[in-house]
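Asks: Would you mind keeping the following structure in view while I ask a few things?
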Amino acid sequence: MTVGQIASAQAGTLESNDIFIRMTAAPDGKGGSIAVESIVMQQFGDDILQTIKDCLAAAGLDGVDIHANDRGALKCTIVARMEAVAARYKEARR
Amino acid sequence: MTQKFLPDLVSALREAGLRDGMTLSFHHHLRNGDFVANMVLEAAAKIGVKGLTIAMSSLFPIHKAMIPHIESGLIAALDTDYMSGPLAQAVSRGILEKPVVFRSHGGRPRAIGEGSLKIDIAIVAAPCVDRYGNINGTQGPSACGSLGYILPDVDHAQKVLAVTDFVSEAALTRVSIPHNRVDHVVVVDRIGDPAGIVSGSISLTRDPLALAIARNAQAVIRASGLLRNGFNYQTGAGGASLAASLFLREDMRRLGLKGGFLLGGITKYMVEMLEEGLFENIFDVQCFDLSSVHSMRDNPRHQEISADTYANPKQKSCCVDFLDAVLLGASEVDTGFNVNVLTDSNGMIIGGSGGHNDAAAGAKLTIIVAPLIRARLPIVVERCTTITTPGRTVDALVTERGVAVNPRRADLIDRLKEAKIPVCSIEELRETALRITGVPKAPARTGKVVGVVEYRDGTIVDKVYGV
């Protein structure tokens, strides 16, 4: 979906063992940011951030803001949610 | 004879001699629907005393009302078997100067009986009182059933104050606490919220993970050789434990067995097994739902017991000693089979032993039921964040992906192998989990001790650190 002129997409849920991810175009179209909240921040925070960065690179995306709310998702779940949100974002941007 | 009925809590607390530094004790049968502890502390605040110790058998989210009383200096210390919710989080963040004393449901009455926990005023949340001051828990709008956890306090406290919202016209025929043990009674509008008294209402899970754990747990019980006439059993009200009880029921029907007693916190599923004739008795220290309240009221084979009778290790005997099998939960289990039910993996206080380490010590077969992975964290850790139940009292960890047996129980390993139940080592369970989750980093803890964990016999087994 697009809010005004800004492309945005989301994937996942706030259920336990899942992760909710929202992706929006960065306001200036450059840079971009990643904000992660997690119930396992102390144990896996760095790993979650790195997984999201890797997924962005694999999708060939930059200049996006990511907000992720993690409820203890496994790495494979995070990758799946990132693939979904990236595909939806590209759809919304067209 | 003193004047039994007093008009309000302030005058009753004055009459009972409330002073700075006293210990007030409470019980948790009204669970998260309890209004009594909060209203008594409100009255104590009006009187203006300081430095009280609150010894309550368990503390729930509703007791967040104690936080301002800690900040004001009214409450200086807490002594409990279990705490969850905002008050527990405030303790983890270091709101109290003195560490909380965490006991078990059997350790608490032991400490009261020995005199190491001295109670000045015991406060009974009394669902029903008659005009003489007799008390029971099975009548009235806030009926909660068993009053087992406050009975040792009533026996040993200097003063006993009952707070009720229902005075029976007729003298009670079913008495839990007789009038001769009650100094004063105060009648208030409501002692609790019935919806909260049976909070976390107990229903059967359809979660396939919990069902798989339950099926494995019942297979272990079946293979253990303990399932025979006279089988005594305790289980918690968690999803997997409850489901396992239904598999147990099917087994007992099929084998035509008659068990001895059901113990602990009681639910309608246990009541159904009693009524079906699968067990002879229920010994009830706490009711979890209205079905069990009504059963205790109406069925003489469903008996109220005190915390002393339930689990006090210094009594001549206690019910947990007669247990064949118990199913218990865990927040963490370490490779030495030690169990944590007090803190989560971030070190935040989320519970406490309750009857956990008592039942584990007493039962011939102690099974911990838990998912292998909970929110990306392996259940098996190298060392528990907090130890509440020593590994020497734990026989098996049952997960959805396998069963690990304590190496001390070579006999049980043989029996499970004979029954073709796949047994693995606890290290193997940990490695399986780690392959799926990745390796978690250890969370940061402060150096401040916010709690001490006292085992049921009085020895200190661990400290709880702030987060």
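Ordering of the structure tokens sets the chain letters (A, B, ...); residue numbers start at 1 within each chain; ligands are numbered from 1 in the order shown.
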Please identify the helix (DSSP H, G or I) residues within region 321-359 of chain B (assignment by DSSP from backbone atoms) and present them as a list of chain:residue names.
Replies: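 Across region 321-359 of chain B, those assigned helix (DSSP H, G or I) are B:Asp321, B:Phe322, B:His356, B:Asn357, B:Asp358, B:Ala359.
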Asks: Dump all heavy atoms for the selected residues as a short mmCIF file (atom, residue, chain, number, x, y, z; two decimals), in the first residue's frame?
Replies:
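See out33.cif below for the written result:
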data_model
loop_
_atom_site.label_atom_id
_atom_site.label_comp_id
_atom_site.auth_asym_id
_atom_site.auth_seq_id
_atom_site.Cartn_x
_atom_site.Cartn_y
_atom_site.Cartn_z
N ASP B 321 5.12 -36.39 50.18
CA ASP B 321 5.94 -37.60 50.39
C ASP B 321 5.26 -38.86 49.86
O ASP B 321 5.93 -39.86 49.63
CB ASP B 321 6.24 -37.80 51.88
CG ASP B 321 7.16 -36.74 52.43
OD1 ASP B 321 7.88 -36.11 51.63
OD2 ASP B 321 7.16 -36.53 53.66
N PHE B 322 3.94 -38.82 49.72
CA PHE B 322 3.21 -40.00 49.26
C PHE B 322 2.98 -40.00 47.75
O PHE B 322 2.34 -40.91 47.22
CB PHE B 322 1.85 -40.09 49.98
CG PHE B 322 1.94 -40.14 51.47
CD1 PHE B 322 1.30 -39.19 52.26
CD2 PHE B 322 2.68 -41.13 52.10
CE1 PHE B 322 1.39 -39.22 53.64
CE2 PHE B 322 2.76 -41.19 53.49
CZ PHE B 322 2.12 -40.23 54.27
N HIS B 356 6.59 -26.28 43.74
CA HIS B 356 7.45 -26.98 42.77
C HIS B 356 8.50 -27.85 43.44
O HIS B 356 8.57 -29.07 43.22
CB HIS B 356 8.10 -25.94 41.86
CG HIS B 356 8.66 -26.45 40.58
ND1 HIS B 356 9.84 -27.16 40.50
CD2 HIS B 356 8.21 -26.37 39.30
CE1 HIS B 356 10.08 -27.47 39.23
NE2 HIS B 356 9.09 -27.01 38.48
N ASN B 357 9.35 -27.24 44.28
CA ASN B 357 10.45 -28.05 44.83
C ASN B 357 9.98 -29.01 45.93
O ASN B 357 10.66 -30.00 46.22
CB ASN B 357 11.66 -27.19 45.24
CG ASN B 357 11.42 -26.27 46.42
OD1 ASN B 357 10.72 -26.63 47.35
ND2 ASN B 357 12.03 -25.10 46.37
N ASP B 358 8.81 -28.73 46.51
CA ASP B 358 8.24 -29.66 47.49
C ASP B 358 7.78 -30.95 46.81
O ASP B 358 8.14 -32.05 47.24
CB ASP B 358 7.03 -29.02 48.19
CG ASP B 358 7.37 -27.75 48.92
OD1 ASP B 358 8.24 -27.82 49.81
OD2 ASP B 358 6.81 -26.70 48.60
N ALA B 359 6.99 -30.78 45.74
CA ALA B 359 6.47 -31.96 45.04
C ALA B 359 7.61 -32.74 44.40
O ALA B 359 7.62 -33.97 44.41
CB ALA B 359 5.44 -31.53 44.00
#
Asks: Would you kindly return, as a list of chain:residue names, each protein, DNA or RNA residue with an atom no farther than 10 Å from any atom of Ala68 (chain A), considering only C-alpha atoms and excluding same-chain residues fewer than 2 positions away?
Replies: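 The residues that qualify are A:Gln10, A:Ala11, A:Gly12, A:Ile19, A:Phe20, A:Ile21, A:Arg22, A:Met23, A:Ile34, A:Ala35, A:Val36, A:Glu37, A:Ser38, A:Ile48, A:Leu49, A:Ile52, A:Asp65, A:Ile66, A:Asp70, A:Arg71, A:Ile78, A:Met82.
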Asks: Within 6 Å of chain B, which residues of chain A show up when using only C-alpha atoms, listed as a list in words?
Replies: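 Filtering chain A at 6 Å from chain B with only C-alpha atoms gives Asn17, Gln42, Gln43, Phe44, Gly72 and Leu74 of chain A.
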Asks: So how far away is CA of Pro109 (chain B) from CA of Ile305 (chain B), in Å?
Replies: 12.7 Å
Asks: Could you give me, as number ranges by chain, each residue of chain A that DSSP assigns to strand (DSSP E) when run on this structure's backbone?
Replies: A: 2-3, 6-11, 19-25, 33-38, 64-70
Asks: Can you pull out every residue within 12 Å of Met66 (chain B), counting only C-alpha atoms, but drop anything in the same chain fewer than 3 positions away, and send it as number ranges by chain?
Replies: B: 35-42, 44-45, 52-54, 56, 59-63, 69-78, 85-88, 90-91, 95-96
Asks: Which residues come within 7 Å of Tyr233 (chain B), counting only C-alpha atoms, excluding same-chain residues fewer than 6 positions away, as a PyMOL selection string?
Replies: chain B and resi 261-263+323-326
Asks: Distance CA of Ser58 (chain B)-CA of Ala330 (chain B), one decimal place?
Replies: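 The value is 17.6 Å.
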Asks: For CA of Phe337 (chain B) and CA of Val394 (chain B), determine how far apart the two atoms are, in Å to one decimal place.
Replies: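 These atoms are spaced 6.3 Å apart.
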Asks: I'd like the contact shell of Gly60 (chain A) - 12 Å cut-off, only C-alpha atoms, skipping same-chain residues fewer than 2 positions apart - returned as a PyMOL selection string.
Replies: chain A and resi 53-58+62-64+83+86-87+89-90
